[in-house]
file entry05.pdb (PDB, C-alpha atoms)
ATOM      1  CA  MET M   1     112.295  86.061 101.689
ATOM      2  CA  GLY M   2     111.736  89.316  99.945
ATOM      3  CA  LEU M   3     109.568  92.298 100.714
ATOM      4  CA  LEU M   4     106.604  90.609  99.022
ATOM      5  CA  THR M   5     106.753  87.678 101.417
ATOM      6  CA  LEU M   6     106.989  90.161 104.255
ATOM      7  CA  LEU M   7     103.893  91.962 103.048
ATOM      8  CA  ARG M   8     101.941  88.721 102.855
ATOM      9  CA  LYS M   9     102.745  88.076 106.519
ATOM     10  CA  LEU M  10     101.434  91.410 107.746
ATOM     11  CA  LYS M  11      98.008  91.450 109.320
ATOM     12  CA  ARG M  12      95.549  93.430 107.339
ATOM     13  CA  THR M  13      93.864  95.413 110.078
ATOM     14  CA  ASP M  14      95.177  98.668 108.655
ATOM     15  CA  GLN M  15      95.170  99.739 105.048
ATOM     16  CA  GLU M  16      98.824 100.649 104.958
ATOM     17  CA  ALA M  17     102.069 100.119 106.819
ATOM     18  CA  ARG M  18     105.029 102.455 106.588
ATOM     19  CA  ILE M  19     108.624 101.541 107.353
ATOM     20  CA  LEU M  20     111.275 104.262 107.469
ATOM     21  CA  VAL M  21     114.922 103.351 106.817
ATOM     22  CA  LEU M  22     117.590 105.763 108.094
ATOM     23  CA  GLY M  23     121.277 105.759 108.961
ATOM     24  CA  LEU M  24     124.510 107.519 107.970
ATOM     25  CA  ASP M  25     125.612 107.656 104.338
ATOM     26  CA  ASN M  26     127.289 104.462 103.134
ATOM     27  CA  ALA M  27     125.648 102.381 105.892
ATOM     28  CA  GLY M  28     123.993 100.215 103.231
ATOM     29  CA  LYS M  29     120.312 101.214 103.448
ATOM     30  CA  THR M  30     119.619 101.096  99.715
ATOM     31  CA  THR M  31     121.676  97.918  99.289
ATOM     32  CA  ILE M  32     119.660  96.160 102.007
ATOM     33  CA  LEU M  33     116.370  97.034 100.303
ATOM     34  CA  LYS M  34     117.640  96.016  96.887
ATOM     35  CA  LYS M  35     118.952  92.754  98.265
ATOM     36  CA  LEU M  36     115.558  92.077  99.847
ATOM     37  CA  SER M  37     113.993  92.575  96.402
ATOM     38  CA  GLU M  38     116.600  90.261  94.812
ATOM     39  CA  GLU M  39     117.882  93.170  92.717
ATOM     40  CA  ASP M  40     121.453  93.605  91.504
ATOM     41  CA  ILE M  41     123.580  95.371  94.137
ATOM     42  CA  THR M  42     126.830  95.833  92.230
ATOM     43  CA  SER M  43     126.461  99.491  91.266
ATOM     44  CA  ILE M  44     124.558 101.439  93.879
ATOM     45  CA  MET M  45     125.002 105.200  93.953
ATOM     46  CA  PRO M  46     124.703 107.314  97.123
ATOM     47  CA  THR M  47     121.019 108.222  97.598
ATOM     48  CA  GLN M  48     120.475 111.931  96.934
ATOM     49  CA  GLY M  49     116.862 112.003  98.064
ATOM     50  CA  PHE M  50     114.514 109.111  98.737
ATOM     51  CA  ASN M  51     113.910 105.625  97.361
ATOM     52  CA  ILE M  52     110.465 104.262  98.002
ATOM     53  CA  LYS M  53     109.280 100.722  97.560
ATOM     54  CA  SER M  54     105.507 100.294  97.506
ATOM     55  CA  LEU M  55     104.030  96.837  97.529
ATOM     56  CA  MET M  56     100.400  95.874  97.299
ATOM     57  CA  HIS M  57      98.749  92.590  98.229
ATOM     58  CA  ASP M  58      94.972  92.215  98.488
ATOM     59  CA  GLU M  59      94.380  95.973  98.808
ATOM     60  CA  PHE M  60      96.919  96.174 101.622
ATOM     61  CA  LYS M  61      99.944  98.386 101.031
ATOM     62  CA  LEU M  62     103.449  98.384 102.425
ATOM     63  CA  ASN M  63     105.595 101.449 101.822
ATOM     64  CA  VAL M  64     109.292 101.351 102.625
ATOM     65  CA  TRP M  65     111.052 104.735 102.639
ATOM     66  CA  ASP M  66     114.833 104.861 102.346
ATOM     67  CA  ILE M  67     116.173 108.413 102.777
ATOM     68  CA  GLY M  68     119.728 109.447 101.912
ATOM     69  CA  GLY M  69     122.097 109.654 104.868
ATOM     70  CA  GLN M  70     124.588 112.307 103.813
ATOM     71  CA  LYS M  71     125.148 115.093 106.311
ATOM     72  CA  SER M  72     123.532 117.679 104.014
ATOM     73  CA  ILE M  73     120.374 115.550 103.697
ATOM     74  CA  ARG M  74     119.934 114.561 107.351
ATOM     75  CA  PRO M  75     118.183 117.831 108.305
ATOM     76  CA  TYR M  76     115.395 116.777 105.915
ATOM     77  CA  TRP M  77     114.800 113.414 107.633
ATOM     78  CA  ARG M  78     112.135 114.964 109.867
ATOM     79  CA  ASN M  79     109.925 115.545 106.836
ATOM     80  CA  TYR M  80     109.426 111.793 106.584
ATOM     81  CA  PHE M  81     108.542 110.861 110.201
ATOM     82  CA  ASP M  82     104.730 111.054 109.926
ATOM     83  CA  GLN M  83     102.729 107.824 110.227
ATOM     84  CA  THR M  84     105.788 105.626 110.639
ATOM     85  CA  ASP M  85     104.989 102.117 111.901
ATOM     86  CA  ALA M  86     108.563 100.924 112.255
ATOM     87  CA  LEU M  87     112.040 102.441 111.987
ATOM     88  CA  ILE M  88     115.009 100.573 110.571
ATOM     89  CA  TYR M  89     118.329 102.163 111.517
ATOM     90  CA  VAL M  90     121.306 100.898 109.547
ATOM     91  CA  ILE M  91     124.857 101.021 110.890
ATOM     92  CA  ASP M  92     128.101 100.301 109.025
ATOM     93  CA  SER M  93     129.616  98.003 111.662
ATOM     94  CA  ALA M  94     133.091  98.420 110.161
ATOM     95  CA  ASP M  95     133.042 102.230 110.309
ATOM     96  CA  LYS M  96     134.491 102.549 113.824
ATOM     97  CA  ARG M  97     135.507 106.129 113.149
ATOM     98  CA  ARG M  98     131.894 107.221 112.822
ATOM     99  CA  MET M  99     130.384 104.930 115.473
ATOM    100  CA  GLU M 100     129.897 107.870 117.819
ATOM    101  CA  GLU M 101     128.303 109.974 115.085
ATOM    102  CA  THR M 102     125.832 107.237 114.142
ATOM    103  CA  GLY M 103     124.981 106.785 117.829
ATOM    104  CA  GLU M 104     124.238 110.496 118.152
ATOM    105  CA  GLU M 105     121.979 110.494 115.081
ATOM    106  CA  LEU M 106     120.090 107.478 116.410
ATOM    107  CA  GLY M 107     119.769 109.110 119.822
ATOM    108  CA  GLN M 108     118.221 112.214 118.238
ATOM    109  CA  LEU M 109     115.753 110.122 116.245
ATOM    110  CA  LEU M 110     114.610 108.332 119.386
ATOM    111  CA  GLU M 111     113.836 111.700 120.976
ATOM    112  CA  GLU M 112     111.564 112.804 118.132
ATOM    113  CA  ASP M 113     107.910 113.127 119.190
ATOM    114  CA  LYS M 114     106.658 111.835 115.861
ATOM    115  CA  LEU M 115     108.702 108.661 116.297
ATOM    116  CA  SER M 116     107.804 108.069 119.947
ATOM    117  CA  GLU M 117     107.009 104.423 120.709
ATOM    118  CA  VAL M 118     107.871 103.430 117.117
ATOM    119  CA  PRO M 119     109.692 100.056 117.229
ATOM    120  CA  VAL M 120     113.297 100.298 116.026
ATOM    121  CA  LEU M 121     115.311  97.606 114.309
ATOM    122  CA  ILE M 122     119.039  98.291 114.178
ATOM    123  CA  TYR M 123     120.810  96.484 111.375
ATOM    124  CA  ALA M 124     124.487  96.050 112.252
ATOM    125  CA  ASN M 125     125.410  95.807 108.582
ATOM    126  CA  LYS M 126     128.632  94.699 106.850
ATOM    127  CA  GLN M 127     129.216  91.737 109.184
ATOM    128  CA  ASP M 128     130.977  90.088 106.227
ATOM    129  CA  LEU M 129     133.926  92.465 106.766
ATOM    130  CA  MET M 130     136.739  91.290 109.044
ATOM    131  CA  SER M 131     136.883  94.657 110.769
ATOM    132  CA  ALA M 132     133.151  94.732 111.587
ATOM    133  CA  MET M 133     132.140  95.238 115.219
ATOM    134  CA  ALA M 134     129.834  92.487 116.492
ATOM    135  CA  PRO M 135     126.231  93.439 117.344
ATOM    136  CA  ASP M 136     127.031  92.952 121.065
ATOM    137  CA  GLU M 137     129.918  95.400 120.871
ATOM    138  CA  ILE M 138     127.698  97.959 119.143
ATOM    139  CA  THR M 139     124.945  97.478 121.727
ATOM    140  CA  GLU M 140     127.537  98.121 124.419
ATOM    141  CA  GLY M 141     129.230 101.014 122.621
ATOM    142  CA  LEU M 142     126.009 102.868 121.841
ATOM    143  CA  ASN M 143     124.312 102.018 125.163
ATOM    144  CA  LEU M 144     121.341 100.560 123.365
ATOM    145  CA  HIS M 145     120.211  98.948 126.636
ATOM    146  CA  THR M 146     119.109 102.381 127.757
ATOM    147  CA  ILE M 147     116.282 102.341 125.183
ATOM    148  CA  ARG M 148     113.223 101.602 127.305
ATOM    149  CA  ASP M 149     110.378 103.501 125.668
ATOM    150  CA  ARG M 150     109.849 101.154 122.727
ATOM    151  CA  PRO M 151     110.630  97.671 121.405
ATOM    152  CA  TRP M 152     114.112  97.541 119.877
ATOM    153  CA  HIS M 153     116.287  94.864 118.414
ATOM    154  CA  ILE M 154     119.781  94.737 116.947
ATOM    155  CA  GLN M 155     120.418  92.338 114.093
ATOM    156  CA  GLY M 156     123.811  91.578 112.620
ATOM    157  CA  CYS M 157     123.551  91.371 108.853
ATOM    158  CA  SER M 158     125.347  91.608 105.551
ATOM    159  CA  ALA M 159     123.521  93.293 102.690
ATOM    160  CA  LYS M 160     126.168  91.810 100.414
ATOM    161  CA  THR M 161     125.499  88.159 101.282
ATOM    162  CA  GLY M 162     121.940  88.639 102.557
ATOM    163  CA  ASP M 163     122.762  87.072 105.945
ATOM    164  CA  GLY M 164     120.542  88.316 108.751
ATOM    165  CA  LEU M 165     118.232  90.418 106.587
ATOM    166  CA  GLN M 166     115.354  87.976 106.833
ATOM    167  CA  ASP M 167     115.663  87.633 110.624
ATOM    168  CA  GLY M 168     115.465  91.403 110.985
ATOM    169  CA  MET M 169     112.404  91.627 108.775
ATOM    170  CA  GLU M 170     110.690  88.841 110.729
ATOM    171  CA  TRP M 171     111.155  90.911 113.872
ATOM    172  CA  ILE M 172     109.650  93.990 112.158
ATOM    173  CA  VAL M 173     106.587  92.018 111.012
ATOM    174  CA  THR M 174     105.997  90.742 114.541
ATOM    175  CA  LYS M 175     106.211  94.233 116.012
ATOM    176  CA  ILE M 176     103.946  95.847 113.402
ATOM    177  CA  ASN M 177     101.416  93.048 113.908
ATOM    178  CA  ASP M 178     101.609  93.448 117.719
ATOM    179  CA  ALA M 179     100.922  97.158 117.404
ATOM    180  CA  SER M 180      97.967  96.734 115.059
ATOM    181  CA  ARG M 181      96.528  94.032 117.334
ATOM    182  CA  ALA M 182      96.818  96.393 120.318
ATOM    183  CA  ARG M 183      95.044  99.144 118.380
ATOM    184  CA  GLY M 184      92.316  96.688 117.417
ATOM    185  CA  GLU M 185      91.778  95.776 121.071
ATOM    186  CA  GLU M 186      91.571  99.427 122.057
ATOM    187  CA  LYS M 187      88.814  99.964 119.519
ATOM    188  CA  ALA M 188      86.943  96.872 120.740
TER     189      ALA M 188
ATOM    190  CA  MET G 189     111.508 104.030  84.291
ATOM    191  CA  ASP G 190     112.200 100.302  84.517
ATOM    192  CA  MET G 191     110.264  97.054  84.978
ATOM    193  CA  ARG G 192     111.382  93.877  86.735
ATOM    194  CA  ASP G 193     110.233  90.423  87.628
ATOM    195  CA  ALA G 194     109.510  91.150  91.300
ATOM    196  CA  GLU G 195     110.166  87.564  92.387
ATOM    197  CA  THR G 196     113.638  87.280  90.893
ATOM    198  CA  GLY G 197     114.591  90.967  90.665
ATOM    199  CA  LYS G 198     115.508  90.415  87.018
ATOM    200  CA  LEU G 199     115.473  93.585  84.934
ATOM    201  CA  LEU G 200     113.087  93.094  82.009
ATOM    202  CA  TRP G 201     112.965  96.553  80.558
ATOM    203  CA  GLU G 202     114.579  99.960  81.028
ATOM    204  CA  SER G 203     113.747 103.243  79.319
ATOM    205  CA  GLY G 204     117.019 105.093  79.818
ATOM    206  CA  LYS G 205     116.739 108.845  80.302
ATOM    207  CA  TRP G 206     113.637 110.252  78.694
ATOM    208  CA  GLY G 207     114.192 113.753  80.017
ATOM    209  CA  GLN G 208     112.006 116.655  79.001
ATOM    210  CA  ARG G 209     110.753 114.925  75.872
ATOM    211  CA  MET G 210     108.486 112.646  77.911
ATOM    212  CA  LEU G 211     106.511 115.632  79.128
ATOM    213  CA  ARG G 212     105.597 116.631  75.568
ATOM    214  CA  GLU G 213     105.165 113.386  73.680
ATOM    215  CA  GLU G 214     103.673 109.989  74.217
ATOM    216  CA  MET G 215     106.534 107.596  74.975
ATOM    217  CA  GLN G 216     106.669 103.996  73.843
ATOM    218  CA  ALA G 217     107.876 101.086  75.932
ATOM    219  CA  ARG G 218     108.684  97.848  74.130
ATOM    220  CA  VAL G 219     108.563  95.302  76.899
ATOM    221  CA  PRO G 220     109.346  91.585  76.497
ATOM    222  CA  LYS G 221     106.059  89.704  76.549
ATOM    223  CA  GLU G 222     107.420  87.285  79.191
ATOM    224  CA  ILE G 223     106.583  90.025  81.668
ATOM    225  CA  LEU G 224     102.955  88.913  81.456
ATOM    226  CA  GLU G 225     103.965  85.527  82.858
ATOM    227  CA  CYS G 226     105.556  86.964  86.001
ATOM    228  CA  ARG G 227     103.691  86.374  89.251
ATOM    229  CA  ALA G 228     104.631  89.856  90.366
ATOM    230  CA  VAL G 229     106.088  92.789  88.505
ATOM    231  CA  SER G 230     107.781  95.917  89.801
ATOM    232  CA  ARG G 231     107.774  99.232  88.017
ATOM    233  CA  GLU G 232     110.236 101.914  89.022
ATOM    234  CA  LEU G 233     110.122 105.597  88.281
ATOM    235  CA  ASN G 234     113.181 107.820  88.788
ATOM    236  CA  PHE G 235     112.966 111.572  88.919
ATOM    237  CA  THR G 236     115.003 114.581  89.913
ATOM    238  CA  SER G 237     113.825 117.904  91.266
ATOM    239  CA  GLN G 238     115.812 121.127  91.416
ATOM    240  CA  GLU G 239     113.178 122.768  93.585
ATOM    241  CA  GLU G 240     111.847 121.873  96.984
ATOM    242  CA  ILE G 241     108.285 120.574  96.707
ATOM    243  CA  ARG G 242     106.102 120.501  99.799
ATOM    244  CA  GLN G 243     103.168 118.317  98.866
ATOM    245  CA  PHE G 244     104.371 116.168  96.041
ATOM    246  CA  ARG G 245     102.028 113.423  94.945
ATOM    247  CA  LEU G 246     101.198 111.460  91.871
ATOM    248  CA  GLU G 247      98.281 109.727  90.295
ATOM    249  CA  GLN G 248      99.017 106.836  88.024
ATOM    250  CA  ARG G 249      96.449 105.034  85.928
ATOM    251  CA  ILE G 250      96.819 102.043  83.657
ATOM    252  CA  PHE G 251      94.406 102.010  80.760
ATOM    253  CA  LEU G 252      93.458  99.256  78.367
ATOM    254  CA  ARG G 253      91.688 100.678  75.337
ATOM    255  CA  GLY G 254      90.716 103.694  77.395
ATOM    256  CA  ALA G 255      89.262 101.721  80.328
ATOM    257  CA  CYS G 256      91.088 102.150  83.622
ATOM    258  CA  LEU G 257      92.455  98.811  84.870
ATOM    259  CA  GLU G 258      94.549  99.923  87.780
ATOM    260  CA  GLU G 259      94.996 103.091  89.774
ATOM    261  CA  TRP G 260      97.737 104.229  92.160
ATOM    262  CA  PHE G 261      97.653 107.393  94.215
ATOM    263  CA  PHE G 262     100.821 108.136  96.076
ATOM    264  CA  ASP G 263     101.693 110.956  98.475
ATOM    265  CA  PHE G 264     105.403 111.637  98.589
ATOM    266  CA  GLY G 265     105.039 114.775 100.643
ATOM    267  CA  PHE G 266     108.317 116.638 100.859
ATOM    268  CA  VAL G 267     110.847 116.587  98.026
ATOM    269  CA  ILE G 268     114.384 117.720  98.922
ATOM    270  CA  PRO G 269     115.739 120.481  96.662
ATOM    271  CA  GLY G 270     118.343 119.169  94.210
ATOM    272  CA  SER G 271     117.329 115.561  94.894
ATOM    273  CA  THR G 272     117.153 112.390  92.821
ATOM    274  CA  ASN G 273     114.420 110.061  93.935
ATOM    275  CA  SER G 274     112.846 106.775  93.027
ATOM    276  CA  TRP G 275     109.511 105.097  93.503
ATOM    277  CA  GLN G 276     109.063 101.409  92.864
ATOM    278  CA  GLN G 277     105.685  99.723  92.947
ATOM    279  CA  THR G 278     105.314  95.973  93.083
ATOM    280  CA  ILE G 279     102.116  94.584  91.661
ATOM    281  CA  GLU G 280     100.981  90.986  91.860
ATOM    282  CA  ALA G 281      99.639  89.476  88.686
ATOM    283  CA  ALA G 282      96.033  88.471  88.183
ATOM    284  CA  ALA G 283      95.227  84.760  88.390
ATOM    285  CA  PRO G 284      96.618  82.890  85.329
ATOM    286  CA  GLU G 285      93.109  82.240  83.963
ATOM    287  CA  ASP G 286      92.438  85.989  84.009
ATOM    288  CA  MET G 287      95.626  86.888  82.180
ATOM    289  CA  ARG G 288      95.265  88.144  78.660
ATOM    290  CA  HIS G 289      97.266  87.257  75.616
ATOM    291  CA  PRO G 290     100.168  89.624  74.771
ATOM    292  CA  ALA G 291      98.804  90.222  71.259
ATOM    293  CA  GLU G 292      95.520  91.346  72.754
ATOM    294  CA  LEU G 293      97.253  93.945  74.920
ATOM    295  CA  SER G 294     100.193  95.138  72.842
ATOM    296  CA  GLY G 295      99.922  98.820  71.936
ATOM    297  CA  LYS G 296      96.601  99.142  73.725
ATOM    298  CA  VAL G 297      97.911  99.609  77.248
ATOM    299  CA  THR G 298      98.876 103.092  78.384
ATOM    300  CA  ILE G 299     100.376 104.254  81.655
ATOM    301  CA  GLU G 300      99.377 107.787  82.528
ATOM    302  CA  THR G 301     101.248 109.463  85.361
ATOM    303  CA  SER G 302     100.318 112.913  86.668
ATOM    304  CA  PHE G 303     102.533 114.739  89.145
ATOM    305  CA  TYR G 304     101.095 117.333  91.509
ATOM    306  CA  ASP G 305     102.170 119.767  94.175
ATOM    307  CA  GLY G 306      99.065 119.726  96.349
ATOM    308  CA  LYS G 307      96.324 120.497  93.856
ATOM    309  CA  THR G 308      98.568 122.022  91.186
ATOM    310  CA  LEU G 309      99.451 119.813  88.236
ATOM    311  CA  ILE G 310     103.223 119.919  87.616
ATOM    312  CA  ALA G 311     103.598 117.442  84.771
ATOM    313  CA  LYS G 312     101.906 114.566  83.042
ATOM    314  CA  THR G 313     103.420 111.678  81.113
ATOM    315  CA  LEU G 314     101.907 109.011  78.915
ATOM    316  CA  VAL G 315     103.648 105.753  78.062
ATOM    317  CA  ARG G 316     102.194 103.272  75.582
ATOM    318  CA  VAL G 317     103.234  99.670  76.209
ATOM    319  CA  PHE G 318     104.000  97.164  73.464
ATOM    320  CA  TYR G 319     104.608  93.514  74.332
ATOM    321  CA  VAL G 320     107.245  92.160  71.965
TER     322      VAL G 320
END

call {"tool": "encode", "arguments": {"input": "entry05.pdb", "output": "structure tokens"}}
result
Amino acid sequence: MGLLTLLRKLKRTDQEARILVLGLDNAGKTTILKKLSEEDITSIMPTQGFNIKSLMHDEFKLNVWDIGGQKSIRPYWRNYFDQTDALIYVIDSADKRRMEETGEELGQLLEEDKLSEVPVLIYANKQDLMSAMAPDEITEGLNLHTIRDRPWHIQGCSAKTGDGLQDGMEWIVTKINDASRARGEEKA
Amino acid sequence: MDMRDAETGKLLWESGKWGQRMLREEMQARVPKEILECRAVSRELNFTSQEEIRQFRLEQRIFLRGACLEEWFFDFGFVIPGSTNSWQQTIEAAAPEDMRHPAELSGKVTIETSFYDGKTLIAKTLVRVFYV
């Protein structure tokens, strides 16, 4: 399933849905999105700004924003929080050295007012590597169980093989649809 | 700029670096005509900015013989100084019976892209598409 299939599954109560993809540099954010679009992933350069994928189906738009994760770029992340329907946070599961750092960045994001209540999908990427920490270990290590103010889900995946990407996206679709249904009921 | 079959991700056409020249002249894209048979096509635009831009947005229009066929408005908002960025749009094709013949379209389709900071026009590009 690619992003197009995902878009076709989204309910069309709103005109647009926005997904924000963040995480440390080299976590695999751009690779995940390219893999989901069936694009070649052999020569991906570090993102020095943003990569946006806009998809349209029957007047309904999905915009996926992937922002570079280098330390010098992270202070700019806040410029892209507005109107976010779902956050995807990507972790390099084999980068044990920076596990604490990625946990801190995620913790700060979850405290942002503009991202309050926004569902968060954590991709525990690079599960194809022998040294990768399992999603359970990451959940434990980063105390993800303490997240109680929003729906969250951790999904082991490999952007290289594509394993797990679809399952994560299915979760996102469900959560975005739940939220738009709830808004619809409020209006009614 | 590049164009792909959005279902398979296959690269169908790539412009290479057009640089400053594309702001002054009409560019030409010679795209394989098979692109018209794709169920969905993606078009990607890459750009760099030395300066920070606060309200970056673009308006893109596809014309056939001067009549506007398709229109995209996109608000990027903030552009990081010294950044390289990309925007890829995926468009689903019209129903097969509504598709036109490549010879009918070749050289008559233009893609006009205007870049703005808020209300101020920064740059405008025009690309004429040939189906070969």

call {"tool": "atom_distance", "arguments": {"input": "entry05.pdb", "atom1": "atom CA of M:Lys35", "atom2": "atom CA of M:Met169"}}
result
12.4 Å

call {"tool": "resolve_selection", "arguments": {"input": "entry05.pdb", "expression": "the PyMOL selection byres ((chain M) within 8 of (chain G))", "output": "list in words"}}
result
Gly2, Ser37, Glu38, Glu39, Asp40, Thr47, Gln48, Gly49, Phe50, Asn51, Ile52, Lys53, Ser54, Leu55, Met56, His57, Ile73, Tyr76, Asn79 and Tyr80 of chain M

call {"tool": "residues_around", "arguments": {"input": "entry05.pdb", "residues": "M:Asp149", "least_positions_apart": "4", "cutoff": "12 Å", "atoms": "all atoms listed in the file", "output": "number ranges by chain"}}
result
M: 110-111, 113, 115-120, 144-145

call {"tool": "resolve_selection", "arguments": {"input": "entry05.pdb", "expression": "the PyMOL selection byres ((chain M and resi 166) around 12)", "output": "list in words"}}
result
Met1, Gly2, Leu3, Thr5, Leu6, Ile32, Leu33, Lys35, Leu36, Ser37, Tyr123, Gln155, Gly156, Cys157, Ser158, Ala159, Thr161, Gly162, Asp163, Gly164, Leu165, Asp167, Gly168, Met169, Glu170, Trp171, Ile172 and Val173 of chain M

call {"tool": "closest_residue", "arguments": {"input": "entry05.pdb", "among": "M:Ser93, M:Gln127, M:Ser72, M:Gln108", "to": "M:Thr139", "atoms": "only C-alpha atoms"}}
result
M:Ser93

call {"tool": "closest_residue", "arguments": {"input": "entry05.pdb", "among": "G:Ser203, G:Gln216, G:Gln208, G:Gln243", "to": "G:Tyr304", "atoms": "only C-alpha atoms"}}
result
G:Gln243

call {"tool": "residues_around", "arguments": {"input": "entry05.pdb", "residues": "M:Leu24", "least_positions_apart": "6", "cutoff": "8 Å", "atoms": "all atoms listed in the file", "output": "VMD selection string"}}
result
chain M and resid 68 to 71 90 to 91 102

call {"tool": "resolve_selection", "arguments": {"input": "entry05.pdb", "expression": "the PyMOL selection byres ((chain G and resi 258) around 12)", "output": "ChimeraX atom specification"}}
result
/M:56,59 /G:247-252,254-257,259-261,279-282,297-301

call {"tool": "residues_near_point", "arguments": {"input": "entry05.pdb", "point": "(132.6, 106.0, 119.5)", "cutoff": "12 Å", "atoms": "only C-alpha atoms", "output": "count of residues only"}}
result
19

call {"tool": "residues_around", "arguments": {"input": "entry05.pdb", "residues": "G:Tyr319", "least_positions_apart": "3", "cutoff": "12 Å", "atoms": "all atoms listed in the file", "output": "PyMOL selection string"}}
result
chain G and resi 200-201+216-225+288-298+316

call {"tool": "atom_distance", "arguments": {"input": "entry05.pdb", "atom1": "atom CA of M:Thr84", "atom2": "atom CA of M:Ile19"}}
result
6.0 Å

call {"tool": "axis_aligned_box", "arguments": {"input": "entry05.pdb", "around": "stretch 195-199 of chain G", "padding_each_side": "6 Å", "output": "lines of an AutoDock Vina configuration file"}}
result
center_x = 112.8
center_y = 90.4
center_z = 88.7
size_x = 17.3
size_y = 18.3
size_z = 19.5

call {"tool": "closest_residue", "arguments": {"input": "entry05.pdb", "among": "M:Lys160, M:Arg78, M:Arg150, M:Lys9", "to": "M:Lys29", "atoms": "all atoms listed in the file"}}
result
M:Lys160

call {"tool": "atom_distance", "arguments": {"input": "entry05.pdb", "atom1": "atom CA of G:Lys312", "atom2": "atom CA of G:Met191"}}
result
19.5 Å

call {"tool": "decode", "arguments": {"input": "entry05.pdb", "residues": "stretch 81-92 of chain M", "atoms": "N, CA, C and O atoms", "output": "PDB file, in the first residue's frame"}}
result
ATOM      1  N   PHE M  81       4.161  23.035  13.020  1.00  0.00           N
ATOM      2  CA  PHE M  81       3.204  22.326  13.888  1.00  0.00           C
ATOM      3  C   PHE M  81       1.735  22.592  13.550  1.00  0.00           C
ATOM      4  O   PHE M  81       0.874  21.754  13.803  1.00  0.00           O
ATOM      5  N   ASP M  82       1.442  23.790  13.011  1.00  0.00           N
ATOM      6  CA  ASP M  82       0.050  24.203  12.805  1.00  0.00           C
ATOM      7  C   ASP M  82      -0.778  23.180  12.039  1.00  0.00           C
ATOM      8  O   ASP M  82      -0.317  22.645  11.040  1.00  0.00           O
ATOM      9  N   GLN M  83      -1.994  22.967  12.491  1.00  0.00           N
ATOM     10  CA  GLN M  83      -2.990  22.166  11.738  1.00  0.00           C
ATOM     11  C   GLN M  83      -2.608  20.710  11.549  1.00  0.00           C
ATOM     12  O   GLN M  83      -3.128  20.046  10.650  1.00  0.00           O
ATOM     13  N   THR M  84      -1.709  20.215  12.397  1.00  0.00           N
ATOM     14  CA  THR M  84      -1.281  18.819  12.224  1.00  0.00           C
ATOM     15  C   THR M  84      -2.361  17.847  12.716  1.00  0.00           C
ATOM     16  O   THR M  84      -2.897  18.017  13.804  1.00  0.00           O
ATOM     17  N   ASP M  85      -2.682  16.865  11.893  1.00  0.00           N
ATOM     18  CA  ASP M  85      -3.692  15.863  12.255  1.00  0.00           C
ATOM     19  C   ASP M  85      -3.066  14.625  12.876  1.00  0.00           C
ATOM     20  O   ASP M  85      -3.716  13.910  13.627  1.00  0.00           O
ATOM     21  N   ALA M  86      -1.830  14.342  12.504  1.00  0.00           N
ATOM     22  CA  ALA M  86      -1.142  13.192  13.082  1.00  0.00           C
ATOM     23  C   ALA M  86       0.366  13.428  12.994  1.00  0.00           C
ATOM     24  O   ALA M  86       0.847  14.042  12.044  1.00  0.00           O
ATOM     25  N   LEU M  87       1.077  12.943  14.022  1.00  0.00           N
ATOM     26  CA  LEU M  87       2.533  13.060  14.051  1.00  0.00           C
ATOM     27  C   LEU M  87       3.138  11.667  13.899  1.00  0.00           C
ATOM     28  O   LEU M  87       2.694  10.720  14.551  1.00  0.00           O
ATOM     29  N   ILE M  88       4.113  11.563  13.001  1.00  0.00           N
ATOM     30  CA  ILE M  88       4.880  10.325  12.901  1.00  0.00           C
ATOM     31  C   ILE M  88       6.278  10.642  13.421  1.00  0.00           C
ATOM     32  O   ILE M  88       6.928  11.569  12.928  1.00  0.00           O
ATOM     33  N   TYR M  89       6.726   9.914  14.442  1.00  0.00           N
ATOM     34  CA  TYR M  89       8.052  10.142  14.986  1.00  0.00           C
ATOM     35  C   TYR M  89       8.903   8.916  14.680  1.00  0.00           C
ATOM     36  O   TYR M  89       8.556   7.802  15.063  1.00  0.00           O
ATOM     37  N   VAL M  90      10.002   9.149  13.953  1.00  0.00           N
ATOM     38  CA  VAL M  90      10.809   8.021  13.487  1.00  0.00           C
ATOM     39  C   VAL M  90      12.072   7.878  14.342  1.00  0.00           C
ATOM     40  O   VAL M  90      12.769   8.861  14.596  1.00  0.00           O
ATOM     41  N   ILE M  91      12.327   6.665  14.773  1.00  0.00           N
ATOM     42  CA  ILE M  91      13.508   6.375  15.593  1.00  0.00           C
ATOM     43  C   ILE M  91      14.388   5.343  14.879  1.00  0.00           C
ATOM     44  O   ILE M  91      13.880   4.363  14.338  1.00  0.00           O
ATOM     45  N   ASP M  92      15.704   5.605  14.885  1.00  0.00           N
ATOM     46  CA  ASP M  92      16.666   4.606  14.403  1.00  0.00           C
ATOM     47  C   ASP M  92      16.876   3.631  15.564  1.00  0.00           C
ATOM     48  O   ASP M  92      17.575   3.948  16.524  1.00  0.00           O
TER      49      ASP M  92
END
